[in-house]
Every structure is written in structure tokens, then in C-alpha cells.
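Shown here: input_25.cif, mmCIF, N, CA and C atoms and all ligand atoms.
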```cif
data_entry
#
loop_
_atom_site.label_atom_id
_atom_site.label_comp_id
_atom_site.auth_asym_id
_atom_site.auth_seq_id
_atom_site.Cartn_x
_atom_site.Cartn_y
_atom_site.Cartn_z
N MET Y 1 99.80 104.53 99.04
CA MET Y 1 101.19 104.07 99.23
C MET Y 1 102.06 105.25 99.66
N GLN Y 2 103.02 104.95 100.51
CA GLN Y 2 103.99 105.97 100.85
C GLN Y 2 105.35 105.31 101.02
N ASP Y 3 106.40 106.07 100.78
CA ASP Y 3 107.74 105.52 100.92
C ASP Y 3 108.08 105.35 102.39
N THR Y 4 108.82 104.29 102.72
CA THR Y 4 109.34 104.18 104.07
C THR Y 4 110.86 104.28 103.98
N LYS Y 5 111.42 105.13 104.80
CA LYS Y 5 112.85 105.43 104.70
C LYS Y 5 113.69 104.49 105.56
N GLY Y 6 114.97 104.62 105.44
CA GLY Y 6 115.90 103.83 106.24
C GLY Y 6 115.92 104.27 107.68
N VAL Y 7 116.84 103.74 108.45
CA VAL Y 7 116.88 104.05 109.87
C VAL Y 7 118.08 104.93 110.19
N ASP Y 8 118.06 105.54 111.35
CA ASP Y 8 119.16 106.36 111.83
C ASP Y 8 120.14 105.46 112.59
N ALA Y 9 121.25 105.14 111.95
CA ALA Y 9 122.20 104.20 112.55
C ALA Y 9 122.77 104.70 113.88
N GLY Y 10 123.02 105.99 113.94
CA GLY Y 10 123.57 106.56 115.17
C GLY Y 10 122.62 106.38 116.35
N LEU Y 11 121.36 106.60 116.09
CA LEU Y 11 120.33 106.44 117.12
C LEU Y 11 120.26 104.99 117.58
N LEU Y 12 120.26 104.08 116.62
CA LEU Y 12 120.16 102.66 116.96
C LEU Y 12 121.40 102.19 117.71
N GLN Y 13 122.55 102.73 117.33
CA GLN Y 13 123.79 102.33 117.98
C GLN Y 13 123.73 102.65 119.47
N SER Y 14 123.20 103.82 119.80
CA SER Y 14 123.15 104.17 121.23
C SER Y 14 122.04 103.39 121.93
N ARG Y 15 120.96 103.12 121.22
CA ARG Y 15 119.87 102.42 121.86
C ARG Y 15 120.21 100.94 122.10
N TYR Y 16 120.91 100.33 121.18
CA TYR Y 16 121.19 98.90 121.31
C TYR Y 16 122.63 98.61 121.72
N ARG Y 17 123.40 99.64 121.99
CA ARG Y 17 124.81 99.48 122.35
C ARG Y 17 125.50 98.53 121.39
N LEU Y 18 125.50 98.89 120.14
CA LEU Y 18 126.05 98.02 119.11
C LEU Y 18 127.58 98.07 119.08
N THR Y 19 128.18 96.93 118.72
CA THR Y 19 129.62 96.89 118.52
C THR Y 19 129.96 97.71 117.28
N LYS Y 20 131.26 97.99 117.12
CA LYS Y 20 131.72 98.77 115.98
C LYS Y 20 131.29 98.14 114.66
N GLN Y 21 131.46 96.81 114.57
CA GLN Y 21 131.12 96.13 113.32
C GLN Y 21 129.63 96.22 113.02
N ARG Y 22 128.83 96.02 114.07
CA ARG Y 22 127.38 96.08 113.85
C ARG Y 22 126.96 97.48 113.47
N ALA Y 23 127.53 98.48 114.13
CA ALA Y 23 127.18 99.87 113.82
C ALA Y 23 127.61 100.22 112.40
N ALA Y 24 128.79 99.76 111.99
CA ALA Y 24 129.28 100.05 110.64
C ALA Y 24 128.39 99.38 109.60
N THR Y 25 127.91 98.18 109.91
CA THR Y 25 127.01 97.47 109.00
C THR Y 25 125.69 98.22 108.86
N LEU Y 26 125.16 98.67 109.98
CA LEU Y 26 123.91 99.45 109.94
C LEU Y 26 124.12 100.75 109.17
N ARG Y 27 125.28 101.37 109.41
CA ARG Y 27 125.55 102.64 108.75
C ARG Y 27 125.62 102.46 107.23
N ALA Y 28 126.15 101.31 106.80
CA ALA Y 28 126.23 101.02 105.37
C ALA Y 28 124.84 100.96 104.75
N LEU Y 29 123.84 100.67 105.59
CA LEU Y 29 122.47 100.53 105.10
C LEU Y 29 121.62 101.75 105.41
N GLU Y 30 122.27 102.78 105.93
CA GLU Y 30 121.53 103.91 106.47
C GLU Y 30 120.73 104.68 105.43
N ASP Y 31 121.19 104.65 104.18
CA ASP Y 31 120.48 105.43 103.17
C ASP Y 31 119.21 104.72 102.66
N GLY Y 32 118.87 103.59 103.29
CA GLY Y 32 117.61 102.95 102.97
C GLY Y 32 117.65 102.05 101.76
N ARG Y 33 118.87 101.79 101.22
CA ARG Y 33 118.95 100.95 100.04
C ARG Y 33 118.95 99.49 100.41
N HIS Y 34 118.70 98.65 99.41
CA HIS Y 34 118.72 97.20 99.59
C HIS Y 34 120.03 96.70 98.99
N LEU Y 35 120.94 96.21 99.82
CA LEU Y 35 122.28 95.86 99.35
C LEU Y 35 122.57 94.38 99.58
N SER Y 36 123.37 93.80 98.66
CA SER Y 36 123.84 92.44 98.87
C SER Y 36 124.94 92.47 99.93
N ALA Y 37 125.26 91.29 100.48
CA ALA Y 37 126.31 91.22 101.51
C ALA Y 37 127.63 91.77 100.97
N GLU Y 38 127.91 91.52 99.67
CA GLU Y 38 129.16 92.01 99.08
C GLU Y 38 129.19 93.54 99.02
N GLU Y 39 128.05 94.13 98.68
CA GLU Y 39 127.98 95.59 98.63
C GLU Y 39 128.14 96.19 100.03
N ILE Y 40 127.56 95.49 101.01
CA ILE Y 40 127.70 95.96 102.40
C ILE Y 40 129.16 95.88 102.83
N LEU Y 41 129.80 94.76 102.46
CA LEU Y 41 131.22 94.58 102.79
C LEU Y 41 132.06 95.75 102.27
N GLU Y 42 131.82 96.14 101.02
CA GLU Y 42 132.55 97.24 100.42
C GLU Y 42 132.40 98.53 101.24
N ARG Y 43 131.17 98.80 101.64
CA ARG Y 43 130.91 100.02 102.40
C ARG Y 43 131.50 99.95 103.80
N VAL Y 44 131.40 98.77 104.44
CA VAL Y 44 131.93 98.63 105.80
C VAL Y 44 133.45 98.76 105.78
N ARG Y 45 134.09 98.22 104.74
CA ARG Y 45 135.56 98.26 104.65
C ARG Y 45 136.09 99.69 104.56
N ALA Y 46 135.26 100.60 104.07
CA ALA Y 46 135.67 102.00 104.02
C ALA Y 46 135.87 102.54 105.44
N GLN Y 47 135.15 101.96 106.40
CA GLN Y 47 135.29 102.39 107.79
C GLN Y 47 136.18 101.45 108.59
N LEU Y 48 136.06 100.15 108.33
CA LEU Y 48 136.80 99.14 109.08
C LEU Y 48 137.52 98.22 108.10
N PRO Y 49 138.69 98.63 107.64
CA PRO Y 49 139.42 97.79 106.67
C PRO Y 49 139.74 96.44 107.32
N GLY Y 50 139.76 95.38 106.53
CA GLY Y 50 140.12 94.07 107.08
C GLY Y 50 138.94 93.23 107.49
N VAL Y 51 137.74 93.79 107.47
CA VAL Y 51 136.56 93.01 107.79
C VAL Y 51 136.32 91.99 106.66
N SER Y 52 135.97 90.75 107.05
CA SER Y 52 135.76 89.71 106.03
C SER Y 52 134.28 89.56 105.71
N LEU Y 53 134.02 88.91 104.57
CA LEU Y 53 132.64 88.67 104.18
C LEU Y 53 131.93 87.79 105.21
N GLY Y 54 132.66 86.82 105.78
CA GLY Y 54 132.09 85.96 106.82
C GLY Y 54 131.60 86.76 108.02
N THR Y 55 132.40 87.75 108.40
CA THR Y 55 132.01 88.62 109.51
C THR Y 55 130.75 89.39 109.17
N ILE Y 56 130.66 89.86 107.92
CA ILE Y 56 129.47 90.60 107.49
C ILE Y 56 128.23 89.71 107.59
N TYR Y 57 128.35 88.46 107.11
CA TYR Y 57 127.20 87.56 107.19
C TYR Y 57 126.79 87.29 108.64
N ARG Y 58 127.79 87.05 109.51
CA ARG Y 58 127.47 86.82 110.93
C ARG Y 58 126.82 88.05 111.54
N THR Y 59 127.37 89.22 111.23
CA THR Y 59 126.83 90.46 111.78
C THR Y 59 125.40 90.69 111.29
N LEU Y 60 125.16 90.40 110.01
CA LEU Y 60 123.81 90.57 109.46
C LEU Y 60 122.83 89.62 110.14
N ASP Y 61 123.29 88.38 110.43
CA ASP Y 61 122.43 87.42 111.13
C ASP Y 61 122.02 87.94 112.50
N ILE Y 62 123.01 88.51 113.22
CA ILE Y 62 122.73 89.03 114.56
C ILE Y 62 121.76 90.20 114.46
N LEU Y 63 122.02 91.11 113.52
CA LEU Y 63 121.15 92.28 113.36
C LEU Y 63 119.73 91.86 112.95
N ARG Y 64 119.64 90.79 112.18
CA ARG Y 64 118.31 90.28 111.81
C ARG Y 64 117.61 89.70 113.03
N SER Y 65 118.37 88.99 113.86
CA SER Y 65 117.75 88.35 115.02
C SER Y 65 117.23 89.37 116.02
N ILE Y 66 117.82 90.56 116.06
CA ILE Y 66 117.27 91.58 116.95
C ILE Y 66 116.35 92.54 116.19
N GLY Y 67 116.07 92.22 114.94
CA GLY Y 67 115.03 92.94 114.23
C GLY Y 67 115.45 94.26 113.61
N LEU Y 68 116.75 94.50 113.49
CA LEU Y 68 117.20 95.78 112.93
C LEU Y 68 117.44 95.70 111.43
N VAL Y 69 117.60 94.47 110.94
CA VAL Y 69 117.86 94.30 109.51
C VAL Y 69 116.86 93.30 108.96
N GLN Y 70 116.37 93.58 107.77
CA GLN Y 70 115.47 92.65 107.09
C GLN Y 70 116.14 92.15 105.82
N ILE Y 71 115.74 90.95 105.41
CA ILE Y 71 116.32 90.36 104.21
C ILE Y 71 115.23 90.33 103.14
N PHE Y 72 115.66 90.53 101.91
CA PHE Y 72 114.70 90.53 100.80
C PHE Y 72 115.34 89.82 99.62
N SER Y 73 114.63 88.84 99.07
CA SER Y 73 115.13 88.25 97.83
C SER Y 73 113.95 88.09 96.89
N HIS Y 74 114.24 88.21 95.62
CA HIS Y 74 113.17 88.21 94.63
C HIS Y 74 113.59 87.43 93.40
N ALA Y 75 112.73 86.52 92.96
CA ALA Y 75 112.91 85.78 91.71
C ALA Y 75 114.29 85.15 91.60
N GLY Y 76 114.76 84.54 92.68
CA GLY Y 76 116.03 83.83 92.64
C GLY Y 76 117.25 84.72 92.62
N GLY Y 77 117.07 86.03 92.75
CA GLY Y 77 118.21 86.94 92.79
C GLY Y 77 118.94 86.84 94.13
N ALA Y 78 120.11 87.44 94.21
CA ALA Y 78 120.89 87.43 95.45
C ALA Y 78 120.10 88.09 96.57
N ALA Y 79 120.25 87.56 97.78
CA ALA Y 79 119.57 88.14 98.93
C ALA Y 79 120.09 89.55 99.15
N LYS Y 80 119.17 90.46 99.42
CA LYS Y 80 119.55 91.83 99.72
C LYS Y 80 119.11 92.16 101.13
N TYR Y 81 119.93 92.97 101.77
CA TYR Y 81 119.65 93.34 103.15
C TYR Y 81 119.30 94.80 103.23
N GLU Y 82 118.53 95.14 104.24
CA GLU Y 82 118.20 96.54 104.47
C GLU Y 82 117.96 96.75 105.95
N ALA Y 83 118.24 97.96 106.38
CA ALA Y 83 117.95 98.33 107.76
C ALA Y 83 116.57 98.94 107.77
N ALA Y 84 115.61 98.19 108.23
CA ALA Y 84 114.23 98.69 108.28
C ALA Y 84 113.54 98.04 109.46
N LEU Y 85 112.84 98.82 110.21
CA LEU Y 85 112.18 98.30 111.40
C LEU Y 85 110.75 97.90 111.09
N GLU Y 86 110.17 98.59 110.15
CA GLU Y 86 108.74 98.36 109.91
C GLU Y 86 108.50 97.41 108.76
N LYS Y 87 107.42 96.68 108.89
CA LYS Y 87 106.96 95.79 107.84
C LYS Y 87 106.61 96.64 106.61
N HIS Y 88 107.08 96.20 105.46
CA HIS Y 88 106.75 96.95 104.25
C HIS Y 88 106.76 96.02 103.04
N HIS Y 89 106.39 96.56 101.93
CA HIS Y 89 106.35 95.79 100.69
C HIS Y 89 107.33 96.41 99.70
N HIS Y 90 107.49 95.76 98.56
CA HIS Y 90 108.54 96.19 97.64
C HIS Y 90 108.04 96.40 96.22
N LEU Y 91 108.58 97.42 95.62
CA LEU Y 91 108.44 97.68 94.19
C LEU Y 91 109.81 97.35 93.57
N VAL Y 92 109.82 96.49 92.57
CA VAL Y 92 111.10 96.10 91.97
C VAL Y 92 111.10 96.44 90.50
N CYS Y 93 112.14 97.15 90.04
CA CYS Y 93 112.29 97.45 88.62
C CYS Y 93 112.90 96.24 87.92
N THR Y 94 112.21 95.74 86.91
CA THR Y 94 112.69 94.55 86.22
C THR Y 94 113.84 94.86 85.28
N ARG Y 95 114.12 96.14 85.04
CA ARG Y 95 115.22 96.48 84.14
C ARG Y 95 116.51 96.75 84.90
N CYS Y 96 116.47 97.65 85.88
CA CYS Y 96 117.72 98.03 86.56
C CYS Y 96 117.86 97.38 87.94
N GLY Y 97 116.81 96.72 88.41
CA GLY Y 97 116.91 96.03 89.70
C GLY Y 97 116.68 96.92 90.91
N GLU Y 98 116.36 98.19 90.68
CA GLU Y 98 116.06 99.11 91.78
C GLU Y 98 114.94 98.55 92.64
N VAL Y 99 115.11 98.63 93.96
CA VAL Y 99 114.10 98.15 94.90
C VAL Y 99 113.63 99.32 95.75
N ILE Y 100 112.33 99.53 95.81
CA ILE Y 100 111.78 100.65 96.57
C ILE Y 100 110.82 100.11 97.61
N ASN Y 101 110.93 100.65 98.83
CA ASN Y 101 110.00 100.26 99.90
C ASN Y 101 108.69 101.01 99.77
N VAL Y 102 107.61 100.27 99.93
CA VAL Y 102 106.31 100.92 99.95
C VAL Y 102 105.47 100.29 101.05
N SER Y 103 104.55 101.05 101.60
CA SER Y 103 103.60 100.44 102.52
C SER Y 103 102.25 100.37 101.82
N VAL Y 104 101.64 99.22 101.88
CA VAL Y 104 100.35 99.00 101.25
C VAL Y 104 99.41 98.53 102.36
N ASN Y 105 98.63 99.45 102.87
CA ASN Y 105 97.82 99.15 104.05
C ASN Y 105 96.80 98.05 103.80
N GLU Y 106 96.33 97.95 102.57
CA GLU Y 106 95.27 96.98 102.28
C GLU Y 106 95.80 95.56 102.13
N ALA Y 107 97.12 95.41 101.95
CA ALA Y 107 97.67 94.10 101.59
C ALA Y 107 97.38 93.03 102.63
N LEU Y 108 97.58 93.34 103.91
CA LEU Y 108 97.42 92.31 104.93
C LEU Y 108 95.95 91.91 105.08
N ALA Y 109 95.06 92.90 105.07
CA ALA Y 109 93.64 92.61 105.21
C ALA Y 109 93.17 91.71 104.07
N LEU Y 110 93.64 92.01 102.87
CA LEU Y 110 93.28 91.21 101.71
C LEU Y 110 93.81 89.78 101.85
N SER Y 111 95.07 89.65 102.29
CA SER Y 111 95.65 88.31 102.46
C SER Y 111 94.89 87.53 103.51
N GLN Y 112 94.47 88.21 104.57
CA GLN Y 112 93.74 87.51 105.62
C GLN Y 112 92.42 86.97 105.11
N THR Y 113 91.74 87.75 104.28
CA THR Y 113 90.49 87.29 103.69
C THR Y 113 90.72 86.05 102.84
N VAL Y 114 91.73 86.11 101.99
CA VAL Y 114 92.05 84.98 101.12
C VAL Y 114 92.44 83.76 101.94
N ALA Y 115 93.31 83.97 102.95
CA ALA Y 115 93.82 82.87 103.75
C ALA Y 115 92.70 82.20 104.55
N GLN Y 116 91.78 83.03 105.06
CA GLN Y 116 90.70 82.50 105.88
C GLN Y 116 89.84 81.52 105.09
N GLU Y 117 89.64 81.81 103.83
CA GLU Y 117 88.84 80.93 102.99
C GLU Y 117 89.44 79.54 102.90
N HIS Y 118 90.75 79.44 103.14
CA HIS Y 118 91.43 78.16 103.08
C HIS Y 118 91.85 77.66 104.46
N GLY Y 119 91.32 78.29 105.50
CA GLY Y 119 91.59 77.85 106.86
C GLY Y 119 93.00 78.15 107.35
N PHE Y 120 93.68 79.11 106.76
CA PHE Y 120 95.02 79.47 107.21
C PHE Y 120 94.96 80.43 108.40
N HIS Y 121 95.93 80.25 109.30
CA HIS Y 121 96.05 81.16 110.44
C HIS Y 121 97.45 81.77 110.46
N ASP Y 122 97.69 82.70 111.37
CA ASP Y 122 98.99 83.38 111.48
C ASP Y 122 99.44 83.91 110.12
N VAL Y 123 98.57 84.61 109.48
CA VAL Y 123 98.81 85.05 108.11
C VAL Y 123 99.79 86.21 108.04
N ASP Y 124 100.71 86.11 107.11
CA ASP Y 124 101.62 87.21 106.81
C ASP Y 124 101.61 87.42 105.30
N CYS Y 125 102.08 88.55 104.86
CA CYS Y 125 102.03 88.84 103.44
C CYS Y 125 103.19 89.73 103.06
N ALA Y 126 103.92 89.34 102.02
CA ALA Y 126 104.99 90.18 101.49
C ALA Y 126 104.71 90.40 100.02
N LEU Y 127 104.37 91.61 99.73
CA LEU Y 127 103.96 91.95 98.37
C LEU Y 127 105.18 92.42 97.56
N VAL Y 128 105.33 91.87 96.36
CA VAL Y 128 106.38 92.35 95.45
C VAL Y 128 105.71 92.80 94.16
N VAL Y 129 105.79 94.07 93.89
CA VAL Y 129 105.21 94.62 92.67
C VAL Y 129 106.35 94.88 91.69
N THR Y 130 106.27 94.28 90.50
CA THR Y 130 107.34 94.48 89.53
C THR Y 130 106.88 95.41 88.41
N GLY Y 131 107.83 96.03 87.78
CA GLY Y 131 107.53 96.93 86.68
C GLY Y 131 108.80 97.65 86.29
N ARG Y 132 108.67 98.71 85.50
CA ARG Y 132 109.84 99.51 85.16
C ARG Y 132 109.78 100.83 85.90
N CYS Y 133 110.89 101.17 86.54
CA CYS Y 133 110.92 102.39 87.34
C CYS Y 133 110.89 103.62 86.43
N ALA Y 134 110.67 104.78 87.03
CA ALA Y 134 110.54 106.02 86.26
C ALA Y 134 111.75 106.27 85.37
N ARG Y 135 112.96 105.96 85.92
CA ARG Y 135 114.18 106.20 85.15
C ARG Y 135 114.30 105.27 83.95
N CYS Y 136 113.74 104.07 84.08
CA CYS Y 136 113.87 103.06 83.01
C CYS Y 136 112.73 103.10 82.00
N THR Y 137 111.77 103.95 82.24
CA THR Y 137 110.66 104.05 81.32
C THR Y 137 111.03 104.97 80.17
N ASP Y 138 110.71 104.55 78.94
CA ASP Y 138 111.10 105.34 77.77
C ASP Y 138 110.44 106.71 77.75
N VAL Y 139 109.18 106.72 78.18
CA VAL Y 139 108.45 107.98 78.24
C VAL Y 139 109.01 108.78 79.41
N PRO Y 140 109.43 110.04 79.17
CA PRO Y 140 109.93 110.85 80.29
C PRO Y 140 108.87 111.01 81.37
N ALA Y 141 109.31 111.05 82.62
CA ALA Y 141 108.36 111.16 83.73
C ALA Y 141 107.48 112.39 83.57
N GLY Y 142 106.19 112.20 83.70
CA GLY Y 142 105.27 113.33 83.64
C GLY Y 142 104.73 113.59 82.24
N ALA Y 143 105.34 113.00 81.20
CA ALA Y 143 104.94 113.27 79.82
C ALA Y 143 103.57 112.68 79.49
N ASN Y 144 103.18 111.63 80.22
CA ASN Y 144 101.93 110.96 79.90
C ASN Y 144 100.80 111.33 80.84
N THR Y 145 100.97 112.40 81.60
CA THR Y 145 99.91 112.78 82.53
C THR Y 145 99.08 113.92 81.96
ZN ZN N 1 114.76 100.84 86.67
ZN ZN N 2 112.63 96.83 101.76
#
```
Could I get this structure in the form of C-alpha cells?
Amino acid sequence: MQDTKGVDAGLLQSRYRLTKQRAATLRALEDGRHLSAEEILERVRAQLPGVSLGTIYRTLDILRSIGLVQIFSHAGGAAKYEAALEKHHHLVCTRCGEVINVSVNEALALSQTVAQEHGFHDVDCALVVTGRCARCTDVPAGANT
């Protein structure tokens, strides 16, 4: 497993000739975090006061349609958005809600094997691993190694 980081909003803005709103939305997600639309709105308003939540949702839809933003929701929680270009999987802390991107190379091959047994095609796989993150674990990090 390895961490996958966020994207460079400035680079994407020049490559896709993004509008101010779209660029500000991407920039809000630049640190690689998974944010709800409301959290994105807060960050975008710091740059563009007066932007509405409706605008944020429309902007996120457009960014998703061109593949610059991905949506993630888990266990009925609020949808979270992130700027990520590459397919990845998620580690979710069940205590604080922290979401971490991970790549699991074996996941798709394993899903394909399972799916094939049932005659499934066009197989995709989104892995969500839950647990308690290092900060939420009672044992200090490294103490049990
Ligand atoms: Zn945690
Ligand atoms: Zn993610």
C-alpha cells in the first residue's frame, strides 16, 4: 500500500482552462482531504465570497464529469469530495472519520476472480477498510512494535 496525494490545482487550472469557481473548488481540495460540499463551500468563500452551496454542487458535478473530482460516501455518511485523478481505495477511521487514500494493487485482480465465478463483466472495485487511525488508537504509535 502507498498513499496517493491530492492534485496540483494550479497545474490543472492551466491544463483545463478552469473558471475561477472551478479553480477555487479544486484549490479547496488541493491538500488531498475528503470534504463535504459544506466544507468546500467554507474554503471557497475565503477566496470568492458570495458563492452559494448550489454553485458548489453544480461546480462539483462539472468537475466530476471531467474526471477531476471523485465522490466518496461510506456507511450512509455525507458524500465527500476529493480532487484525485487516480483510482484508489480508502481507509476510514471509525472514531474520528478520517479518510485516507490508499492504493491496493491486488484489489482489482481479486475482484475480477470473484466476479468471474458469477459471470460478471466490466468489473470495478472500491475497497473501504475501516478501523481506528493511529491518532485514535489508545496505544501510542510504535509502542506495540
Ligand atoms: Zn481516527
Ligand atoms: Zn479518496
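In this structure, atom N of Ile62 (chain Y) sits 23.1 Å away from atom N of Val99 (chain Y).
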Would you tabulate, counting only C-alpha atoms and all ligand atoms, all residues of chain Y that have an atom at most 12 Å from an atom of ligand ZN 1 (chain N), showing the closest pair of atoms and their distance in Å to one decimal, sorted by chain then ascending number, as CSV?
```
residue,atom,partner,partner_atom,distance
Y:Leu91,CA,N:ZN1,ZN,10.3
Y:Val92,CA,N:ZN1,ZN,8.0
Y:Cys93,CA,N:ZN1,ZN,4.6
Y:Thr94,CA,N:ZN1,ZN,6.6
Y:Arg95,CA,N:ZN1,ZN,5.1
Y:Cys96,CA,N:ZN1,ZN,4.1
Y:Gly97,CA,N:ZN1,ZN,6.1
Y:Glu98,CA,N:ZN1,ZN,5.5
Y:Val99,CA,N:ZN1,ZN,8.7
Y:Ile100,CA,N:ZN1,ZN,10.3
Y:Thr130,CA,N:ZN1,ZN,10.2
Y:Gly131,CA,N:ZN1,ZN,8.2
Y:Arg132,CA,N:ZN1,ZN,5.3
Y:Cys133,CA,N:ZN1,ZN,4.2
Y:Ala134,CA,N:ZN1,ZN,6.7
Y:Arg135,CA,N:ZN1,ZN,5.6
Y:Cys136,CA,N:ZN1,ZN,4.4
Y:Thr137,CA,N:ZN1,ZN,7.5
Y:Asp138,CA,N:ZN1,ZN,10.6
```
Here atom C of Ser103 (chain Y) and atom N of Ala24 (chain Y) stand apart by 28.4 Å
With only C-alpha atoms as the counted atoms, please give the residues lying no more than 12 Å from Ala46 (chain Y), apart from itself and same-chain residues fewer than 4 positions off, as a PDB file with N, CA and C atoms, keeping the file's coordinate frame.
```
ATOM      1  N   GLN Y  21     131.460  96.810 114.570  1.00  0.00           N
ATOM      2  CA  GLN Y  21     131.120  96.130 113.320  1.00  0.00           C
ATOM      3  C   GLN Y  21     129.630  96.220 113.020  1.00  0.00           C
ATOM      4  N   ALA Y  24     128.790  99.760 111.990  1.00  0.00           N
ATOM      5  CA  ALA Y  24     129.280 100.050 110.640  1.00  0.00           C
ATOM      6  C   ALA Y  24     128.390  99.380 109.600  1.00  0.00           C
ATOM      7  N   THR Y  25     127.910  98.180 109.910  1.00  0.00           N
ATOM      8  CA  THR Y  25     127.010  97.470 109.000  1.00  0.00           C
ATOM      9  C   THR Y  25     125.690  98.220 108.860  1.00  0.00           C
ATOM     10  N   ARG Y  27     125.280 101.370 109.410  1.00  0.00           N
ATOM     11  CA  ARG Y  27     125.550 102.640 108.750  1.00  0.00           C
ATOM     12  C   ARG Y  27     125.620 102.460 107.230  1.00  0.00           C
ATOM     13  N   ALA Y  28     126.150 101.310 106.800  1.00  0.00           N
ATOM     14  CA  ALA Y  28     126.230 101.020 105.370  1.00  0.00           C
ATOM     15  C   ALA Y  28     124.840 100.960 104.750  1.00  0.00           C
ATOM     16  N   GLU Y  39     128.050  94.130  98.680  1.00  0.00           N
ATOM     17  CA  GLU Y  39     127.980  95.590  98.630  1.00  0.00           C
ATOM     18  C   GLU Y  39     128.140  96.190 100.030  1.00  0.00           C
ATOM     19  N   ILE Y  40     127.560  95.490 101.010  1.00  0.00           N
ATOM     20  CA  ILE Y  40     127.700  95.960 102.400  1.00  0.00           C
ATOM     21  C   ILE Y  40     129.160  95.880 102.830  1.00  0.00           C
ATOM     22  N   LEU Y  41     129.800  94.760 102.460  1.00  0.00           N
ATOM     23  CA  LEU Y  41     131.220  94.580 102.790  1.00  0.00           C
ATOM     24  C   LEU Y  41     132.060  95.750 102.270  1.00  0.00           C
ATOM     25  N   GLU Y  42     131.820  96.140 101.020  1.00  0.00           N
ATOM     26  CA  GLU Y  42     132.550  97.240 100.420  1.00  0.00           C
ATOM     27  C   GLU Y  42     132.400  98.530 101.240  1.00  0.00           C
ATOM     28  N   GLY Y  50     139.760  95.380 106.530  1.00  0.00           N
ATOM     29  CA  GLY Y  50     140.120  94.070 107.080  1.00  0.00           C
ATOM     30  C   GLY Y  50     138.940  93.230 107.490  1.00  0.00           C
ATOM     31  N   VAL Y  51     137.740  93.790 107.470  1.00  0.00           N
ATOM     32  CA  VAL Y  51     136.560  93.010 107.790  1.00  0.00           C
ATOM     33  C   VAL Y  51     136.320  91.990 106.660  1.00  0.00           C
TER      34      VAL Y  51
END
```
Kindly work out which residues sit at most 6 Å from ligand ZN 2 (chain N), using only N, CA and C atoms and all ligand atoms, and give the list as a VMD selection string. chain Y and resid 89 to 90 100 to 101
Write out the residues from the selection above, keeping N, CA and C atoms, as a compact mmCIF listing (two decimals), keeping the file's coordinate frame.
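Here's the written file again.txt:
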```txt
# COMPACT_ATOMS: atom_id res chain seq x y z
N HIS Y 89 106.39 96.56 101.93
CA HIS Y 89 106.35 95.79 100.69
C HIS Y 89 107.33 96.41 99.70
N HIS Y 90 107.49 95.76 98.56
CA HIS Y 90 108.54 96.19 97.64
C HIS Y 90 108.04 96.40 96.22
N ILE Y 100 112.33 99.53 95.81
CA ILE Y 100 111.78 100.65 96.57
C ILE Y 100 110.82 100.11 97.61
N ASN Y 101 110.93 100.65 98.83
CA ASN Y 101 110.00 100.26 99.90
C ASN Y 101 108.69 101.01 99.77
```
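A straight line drawn from atom N of His34 (chain Y) to CA of Ser111 (chain Y) is 25.4 Å long.
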As AutoDock Vina command-line options: centre and edge lengths in Å, one decimal, of the axis-aligned box holding region 32-47 of chain Y with 3 Å per side:
```
--center_x 126.9 --center_y 97.4 --center_z 103.6 --size_x 24.6 --size_y 18.4 --size_z 16.0
```
